[in-house]
>>> print(open('upload-v3.txt').read())   # compact mmCIF, C-alpha atoms
# COMPACT_ATOMS: atom_id res chain seq x y z
CA MET A 1 -4.51 39.69 26.37
CA ILE A 2 -6.53 39.05 29.51
CA ASP A 3 -4.54 38.08 32.58
CA VAL A 4 -6.41 37.18 35.78
CA GLU A 5 -5.52 35.09 38.79
CA PRO A 6 -7.08 31.61 39.02
CA LEU A 7 -10.56 31.66 40.52
CA ARG A 8 -10.59 30.54 44.15
CA SER A 9 -13.42 28.63 45.80
CA VAL A 10 -16.34 30.61 47.22
CA THR A 11 -18.07 29.23 50.32
CA PRO A 12 -20.94 30.36 52.56
CA HIS A 13 -19.74 31.94 55.79
CA GLY A 14 -22.66 32.99 57.98
CA LYS A 15 -24.79 35.55 56.16
CA PHE A 16 -22.17 36.15 53.46
CA PHE A 17 -19.95 34.34 51.00
CA SER A 18 -16.24 34.01 51.64
CA ARG A 19 -13.27 33.81 49.25
CA LYS A 20 -9.72 33.53 50.57
CA GLY A 21 -11.01 34.53 54.02
CA LEU A 22 -12.61 37.75 52.74
CA LYS A 23 -16.23 38.66 52.02
CA PHE A 24 -17.24 37.94 48.44
CA PHE A 25 -20.22 39.87 47.08
CA LEU A 26 -22.12 38.14 44.31
CA LYS A 27 -23.00 40.75 41.68
CA ALA A 28 -24.37 38.80 38.75
CA MET A 29 -26.38 39.08 35.56
CA ARG A 30 -27.94 36.81 32.95
CA LEU A 31 -26.74 36.69 29.35
CA GLU A 32 -29.58 37.34 26.94
CA GLY A 33 -29.19 36.29 23.32
CA VAL A 34 -26.33 33.83 23.90
CA GLY A 35 -27.12 30.34 22.63
CA ALA A 36 -25.71 26.86 23.02
CA THR A 37 -23.15 27.21 20.22
CA LEU A 38 -20.76 30.06 19.42
CA ASP A 39 -18.42 30.39 16.48
CA PHE A 40 -14.94 31.86 16.89
CA GLU A 41 -15.95 35.47 16.16
CA ALA A 42 -18.90 35.24 18.56
CA LYS A 43 -16.58 33.94 21.27
CA VAL A 44 -14.17 36.84 20.73
CA ARG A 45 -17.01 39.37 20.99
CA LEU A 46 -18.44 37.69 24.07
CA LEU A 47 -15.03 37.54 25.73
CA ALA A 48 -14.66 41.31 25.28
CA ARG A 49 -18.16 41.85 26.67
CA LEU A 50 -17.43 39.68 29.72
CA ASP A 51 -14.19 41.53 30.36
CA ASP A 52 -16.11 44.84 30.26
CA LEU A 53 -18.58 43.46 32.79
CA LYS A 54 -15.74 42.36 35.06
CA GLN A 55 -14.20 45.83 34.92
CA VAL A 56 -17.44 47.43 36.17
CA HIS A 57 -17.71 45.22 39.26
CA THR A 58 -19.78 42.29 37.97
CA THR A 59 -18.49 39.15 39.69
CA ALA A 60 -20.65 36.35 38.28
CA LEU A 61 -23.12 35.15 35.65
CA VAL A 62 -26.30 33.08 35.86
CA LEU A 63 -26.23 30.70 32.90
CA THR A 64 -28.78 28.33 31.41
CA GLU A 65 -27.80 24.69 30.93
CA ALA A 66 -27.43 25.33 27.20
CA GLN A 67 -25.17 28.34 27.77
CA SER A 68 -22.91 26.55 30.25
CA THR A 69 -20.94 24.63 27.63
CA PRO A 70 -19.72 27.58 25.54
CA VAL A 71 -19.71 30.30 28.24
CA LEU A 72 -18.38 28.75 31.47
CA ASP A 73 -14.76 28.61 30.37
CA LEU A 74 -14.90 32.06 28.74
CA ALA A 75 -16.31 33.56 31.93
CA SER A 76 -13.62 31.99 34.11
CA THR A 77 -10.96 33.27 31.71
CA VAL A 78 -11.82 36.88 32.59
CA GLY A 79 -12.37 36.11 36.29
CA LEU A 80 -16.15 35.72 36.46
CA TYR A 81 -17.86 32.96 38.42
CA SER A 82 -20.93 31.16 37.06
CA ILE A 83 -24.12 29.71 38.52
CA VAL A 84 -25.87 27.24 36.21
CA GLU A 85 -29.67 27.25 36.34
CA LEU A 86 -31.26 23.81 36.10
CA GLU A 87 -34.82 23.80 34.75
CA VAL A 88 -37.31 21.49 36.47
CA ALA A 89 -40.94 21.43 35.32
CA PRO A 90 -43.58 21.38 38.10
CA GLU A 91 -44.87 18.00 36.95
CA GLU A 92 -41.37 16.56 37.33
CA ILE A 93 -41.51 17.02 41.10
CA ILE A 94 -45.10 15.81 41.38
CA GLU A 95 -45.14 12.66 39.23
CA ARG A 96 -42.74 9.92 40.35
CA ARG A 97 -42.01 8.62 36.83
CA LEU A 98 -41.13 12.07 35.50
CA ARG A 99 -39.13 12.84 38.64
CA SER A 100 -36.77 9.91 38.04
CA ALA A 101 -36.10 11.10 34.48
CA ALA A 102 -35.47 14.66 35.67
CA ILE A 103 -33.04 13.51 38.36
CA SER A 104 -31.13 11.41 35.81
CA ARG A 105 -30.92 14.38 33.44
CA ILE A 106 -29.69 16.71 36.17
CA ALA A 107 -27.16 14.16 37.45
CA HIS A 108 -25.75 13.89 33.92
CA THR A 109 -25.43 17.68 33.58
CA VAL A 110 -23.76 18.09 36.98
CA THR A 111 -21.31 15.27 36.24
CA ILE A 112 -20.30 16.85 32.93
CA LEU A 113 -19.71 20.25 34.56
CA ASN A 114 -17.86 18.89 37.59
CA GLY A 115 -14.39 20.40 37.90
CA ARG A 116 -14.98 23.28 35.50
CA PRO A 117 -13.17 26.43 36.68
CA GLY A 118 -15.40 29.23 37.89
CA LEU A 119 -18.43 27.02 38.55
CA LEU A 120 -19.87 28.42 41.77
CA GLY A 121 -22.94 26.20 41.93
CA PHE A 122 -26.43 25.39 40.68
CA LEU A 123 -29.81 27.09 40.87
CA ILE A 124 -32.91 24.89 40.64
CA ASN A 125 -35.68 26.68 38.76
CA CYS A 126 -39.08 25.05 39.28
CA PRO A 127 -41.83 27.60 38.47
CA ILE A 128 -44.58 25.83 40.38
CA SER A 129 -47.74 27.81 41.10
CA GLN A 130 -49.44 28.20 44.46
CA ASP A 131 -52.46 26.24 43.24
CA THR A 132 -50.32 23.32 42.05
CA LEU A 133 -48.39 23.39 45.31
CA ARG A 134 -51.61 23.23 47.33
CA ALA A 135 -52.99 20.40 45.21
CA SER A 136 -49.84 18.26 45.31
CA GLY A 137 -48.84 19.06 48.88
CA LEU A 138 -45.96 21.17 50.19
CA GLU A 139 -44.04 18.30 51.77
CA LYS A 140 -44.21 16.19 48.61
CA ALA A 141 -42.69 19.05 46.58
CA ARG A 142 -40.04 19.63 49.24
CA ARG A 143 -39.03 15.95 49.27
CA ALA A 144 -38.65 15.95 45.48
CA LEU A 145 -36.52 19.12 45.50
CA ARG A 146 -34.48 17.76 48.41
CA ASP A 147 -33.78 14.61 46.35
CA ILE A 148 -32.53 16.79 43.48
CA ILE A 149 -30.25 18.75 45.82
CA GLU A 150 -28.82 15.51 47.23
CA VAL A 151 -28.10 14.20 43.73
CA ILE A 152 -26.30 17.42 42.81
CA LYS A 153 -24.23 17.27 46.00
CA SER A 154 -23.37 13.61 45.38
CA ARG A 155 -21.95 14.51 41.96
CA ASN A 156 -20.26 17.77 43.03
CA ALA A 157 -19.76 18.14 46.78
CA SER A 158 -18.18 21.60 46.49
CA ALA A 159 -20.99 23.18 44.44
CA LEU A 160 -23.39 25.56 46.18
CA VAL A 161 -27.05 24.73 45.56
CA ALA A 162 -30.20 26.83 45.94
CA ILE A 163 -33.78 26.91 44.68
CA ARG A 164 -35.11 29.92 42.79
CA HIS A 165 -38.00 31.06 45.00
CA ARG A 166 -40.87 33.23 43.77
CA PRO A 167 -42.65 35.53 46.25
CA GLU A 168 -45.72 33.27 46.26
CA THR A 169 -43.82 30.01 46.82
CA ARG A 170 -41.27 30.94 49.48
CA ALA A 171 -42.72 28.20 51.67
CA LEU A 172 -40.58 25.76 49.64
CA THR A 173 -37.39 26.93 51.37
CA MET A 174 -35.53 24.17 53.21
CA LEU A 175 -32.37 23.63 55.22
CA ALA A 176 -30.75 21.63 52.39
CA GLU A 177 -30.16 24.88 50.45
CA ASP A 178 -26.73 26.51 50.84
CA PHE A 179 -28.24 29.96 50.39
CA ILE A 180 -31.69 31.44 49.83
CA TYR A 181 -32.34 32.86 46.37
CA GLY A 182 -35.44 35.00 45.85
CA ASP A 183 -37.00 36.75 42.87
CA ILE A 184 -37.89 40.33 43.74
CA PRO A 185 -40.81 42.21 42.16
CA ALA A 186 -40.67 45.95 41.51
CA LEU A 187 -40.94 47.50 44.97
CA ALA A 188 -40.44 50.86 46.64
CA PRO A 189 -37.30 51.05 48.86
CA VAL A 190 -39.25 50.54 52.13
CA GLU A 191 -41.17 47.56 50.69
CA LEU A 192 -37.91 46.14 49.31
CA ARG A 193 -36.31 46.28 52.76
CA ASP A 194 -39.28 44.48 54.30
CA PHE A 195 -39.20 41.80 51.58
CA ILE A 196 -35.48 41.18 52.10
CA VAL A 197 -35.96 40.98 55.87
CA SER A 198 -38.56 38.25 55.29
CA LEU A 199 -35.99 36.33 53.21
CA HIS A 200 -33.42 36.74 55.99
CA ASN A 201 -35.92 35.20 58.41
CA LEU A 202 -36.28 32.20 56.12
CA ALA A 203 -32.53 31.94 55.55
CA GLU A 204 -31.59 32.16 59.24
CA ALA A 205 -27.76 31.93 59.29
CA ARG A 206 -27.36 31.49 55.53
CA PRO A 207 -26.64 34.05 52.77
CA VAL A 208 -29.50 35.69 50.87
CA VAL A 209 -29.28 36.37 47.13
CA ILE A 210 -31.99 38.31 45.30
CA GLU A 211 -32.76 38.78 41.61
CA PHE A 212 -34.43 41.79 40.02
CA SER A 213 -36.28 40.21 37.13
CA GLN A 214 -36.81 43.50 35.29
CA SER A 215 -34.65 46.58 34.92
CA SER A 216 -35.93 49.89 36.24
CA PRO A 217 -34.76 53.53 36.27
CA GLY A 218 -34.12 53.23 40.01
CA GLN A 219 -32.12 50.01 39.80
CA ASP A 220 -28.92 51.49 41.22
CA GLU A 221 -30.82 52.64 44.31
CA ALA A 222 -32.54 49.24 44.63
CA VAL A 223 -29.18 47.45 44.46
CA ALA A 224 -27.78 49.78 47.12
CA VAL A 225 -30.82 49.16 49.34
CA ALA A 226 -30.41 45.39 48.89
CA PHE A 227 -26.76 45.33 49.89
CA GLY A 228 -27.50 47.79 52.70
CA THR A 229 -30.10 45.35 54.01
CA GLY A 230 -27.51 42.60 54.26
CA VAL A 231 -27.90 40.50 51.11
CA ALA A 232 -24.84 38.55 50.00
CA GLY A 233 -25.63 38.85 46.32
CA VAL A 234 -27.74 40.59 43.69
CA VAL A 235 -28.63 39.39 40.19
CA ALA A 236 -29.69 42.32 38.05
CA PRO A 237 -30.45 42.96 34.37
CA PRO A 238 -28.28 45.41 32.42
CA VAL A 239 -29.42 49.02 32.27
CA PRO A 240 -28.14 51.93 30.14
CA THR A 241 -24.96 53.53 31.43
CA PRO A 242 -25.93 57.02 32.68
CA ALA A 243 -24.91 59.82 30.32
CA SER A 244 -22.81 62.77 31.40
CA PRO A 245 -24.94 65.57 33.00
CA ASP A 246 -23.89 68.03 30.28
CA TRP A 247 -24.67 65.64 27.40
CA MET A 248 -27.70 66.90 25.42
CA GLY A 249 -27.44 64.73 22.28
CA ALA A 250 -28.89 61.36 21.32
CA VAL A 251 -26.99 58.09 21.29
CA THR A 252 -27.68 54.58 20.00
CA LEU A 253 -26.86 52.07 22.72
CA LYS A 254 -24.93 48.92 21.94
CA ALA A 255 -24.99 45.80 24.12
CA SER A 256 -21.59 46.79 25.50
CA ASP A 257 -23.09 50.06 26.82
CA LEU A 258 -25.52 48.16 29.05
CA MET A 259 -24.24 47.28 32.50
CA PRO A 260 -26.03 45.74 35.50
CA PHE A 261 -24.19 47.66 38.25
>>> encode(input="upload-v3.txt", output="structure tokens")
Amino acid sequence: MIDVEPLRSVTPHGKFFSRKGLKFFLKAMRLEGVGATLDFEAKVRLLARLDDLKQVHTTALVLTEAQSTPVLDLASTVGLYSIVELEVAPEEIIERRLRSAAISRIAHTVTILNGRPGLLGFLINCPISQDTLRASGLEKARRALRDIIEVIKSRNASALVAIRHRPETRALTMLAEDFIYGDIPALAPVELRDFIVSLHNLAEARPVVIEFSQSSPGQDEAVAVAFGTGVAGVVAPPVPTPASPDWMGAVTLKASDLMPF
């Protein structure tokens, strides 16, 4: 039996998130291999996996729209928050006709998920390239993304909203975002600090959340550097749990042996 207290609301408070008046550190991961439908046995296995993640200091998940239906409630059951990633194709923010359809689709998704326990907010993922951004115009893309943020807020005023920024398209950041979310490439510790500082400059008085898109042997150090440089949250892939120093044998790793933090 899993017994956790009801999830309380998480809000931005300066450079950090706050829950019940205390700092809340977002330590999240994505769920690979989890689809839109789960049978009973799959739900039981996933519930055990989520509980393991909670026990090793994971506080949240980043879910796809498809995953949100079967996973959101399971995650909240063990005390994990969820951010739902909304996919927006580059052409949907450039072409007016496609933009209207995208906004309607997103409004429908946000309305369905409104009120679900553990829903922290939404992440807009629009993988637009620099060339496309130059051709279409920065302000045009910003206006389209701002319209999407406003629609989300109109359907769920308490949800936090951010855009997933790539290193080459950080110019898309805007004041309408509740926090700044940036993908981080593989960097040495000094370069990582400088990159995070540049995100802080864009965020001003808002929280910064970063995502390591690929696991690396030095991930624990990178996570420590990130939090030491003042980020409010880290999204990291799972990595093998370190073996005991005196262990000389071989082991086959299961999914439950892989932890992000």
>>> residues_around(input="upload-v3.txt", residues="A:Arg170", least_positions_apart="6", cutoff="9 Å", atoms="only C-alpha atoms", output="ChimeraX atom specification")
/A:182,199,202
>>> residues_around(input="upload-v3.txt", residues="A:Ile106", least_positions_apart="5", cutoff="12 Å", atoms="only C-alpha atoms", output="mmCIF file with C-alpha atoms, in the coordinates of the input")
data_model
loop_
_atom_site.group_PDB
_atom_site.id
_atom_site.type_symbol
_atom_site.label_atom_id
_atom_site.label_comp_id
_atom_site.auth_asym_id
_atom_site.auth_seq_id
_atom_site.Cartn_x
_atom_site.Cartn_y
_atom_site.Cartn_z
ATOM 1 C CA GLU A 65 -27.800 24.690 30.930
ATOM 2 C CA VAL A 84 -25.870 27.240 36.210
ATOM 3 C CA GLU A 85 -29.670 27.250 36.340
ATOM 4 C CA LEU A 86 -31.260 23.810 36.100
ATOM 5 C CA GLU A 87 -34.820 23.800 34.750
ATOM 6 C CA VAL A 88 -37.310 21.490 36.470
ATOM 7 C CA GLU A 92 -41.370 16.560 37.330
ATOM 8 C CA ARG A 99 -39.130 12.840 38.640
ATOM 9 C CA SER A 100 -36.770 9.910 38.040
ATOM 10 C CA ALA A 101 -36.100 11.100 34.480
ATOM 11 C CA THR A 111 -21.310 15.270 36.240
ATOM 12 C CA ILE A 112 -20.300 16.850 32.930
ATOM 13 C CA LEU A 113 -19.710 20.250 34.560
ATOM 14 C CA PHE A 122 -26.430 25.390 40.680
ATOM 15 C CA LEU A 123 -29.810 27.090 40.870
ATOM 16 C CA ILE A 124 -32.910 24.890 40.640
ATOM 17 C CA ASN A 125 -35.680 26.680 38.760
ATOM 18 C CA LEU A 145 -36.520 19.120 45.500
ATOM 19 C CA ASP A 147 -33.780 14.610 46.350
ATOM 20 C CA ILE A 148 -32.530 16.790 43.480
ATOM 21 C CA ILE A 149 -30.250 18.750 45.820
ATOM 22 C CA GLU A 150 -28.820 15.510 47.230
ATOM 23 C CA VAL A 151 -28.100 14.200 43.730
ATOM 24 C CA ILE A 152 -26.300 17.420 42.810
ATOM 25 C CA LYS A 153 -24.230 17.270 46.000
ATOM 26 C CA SER A 154 -23.370 13.610 45.380
ATOM 27 C CA ARG A 155 -21.950 14.510 41.960
ATOM 28 C CA ASN A 156 -20.260 17.770 43.030
#
>>> closest_residue(input="upload-v3.txt", among="A:Pro207, A:Pro260, A:Pro127, A:Pro90", to="A:Leu31", atoms="only C-alpha atoms")
A:Pro260
>>> residues_around(input="upload-v3.txt", residues="stretch 224-240 of chain A", least_positions_apart="4", cutoff="6 Å", atoms="only C-alpha atoms", output="ChimeraX atom specification")
/A:16,25-29,207-212,215,258-260
>>> closest_residue(input="upload-v3.txt", among="A:Ile163, A:Arg105, A:Val223, A:Ser129", to="A:Arg142", atoms="all atoms listed in the file")
A:Ile163
>>> closest_residue(input="upload-v3.txt", among="A:Ala205, A:Ile128, A:Lys23, A:Leu119", to="A:Ser9", atoms="all atoms listed in the file")
A:Leu119
>>> atom_distance(input="upload-v3.txt", atom1="atom CA of A:Ser76", atom2="atom CA of A:Gly33")
19.4 Å
>>> closest_residue(input="upload-v3.txt", among="A:Ala48, A:Ile103, A:Ala186, A:Ala60", to="A:Gln214", atoms="all atoms listed in the file")
A:Ala186
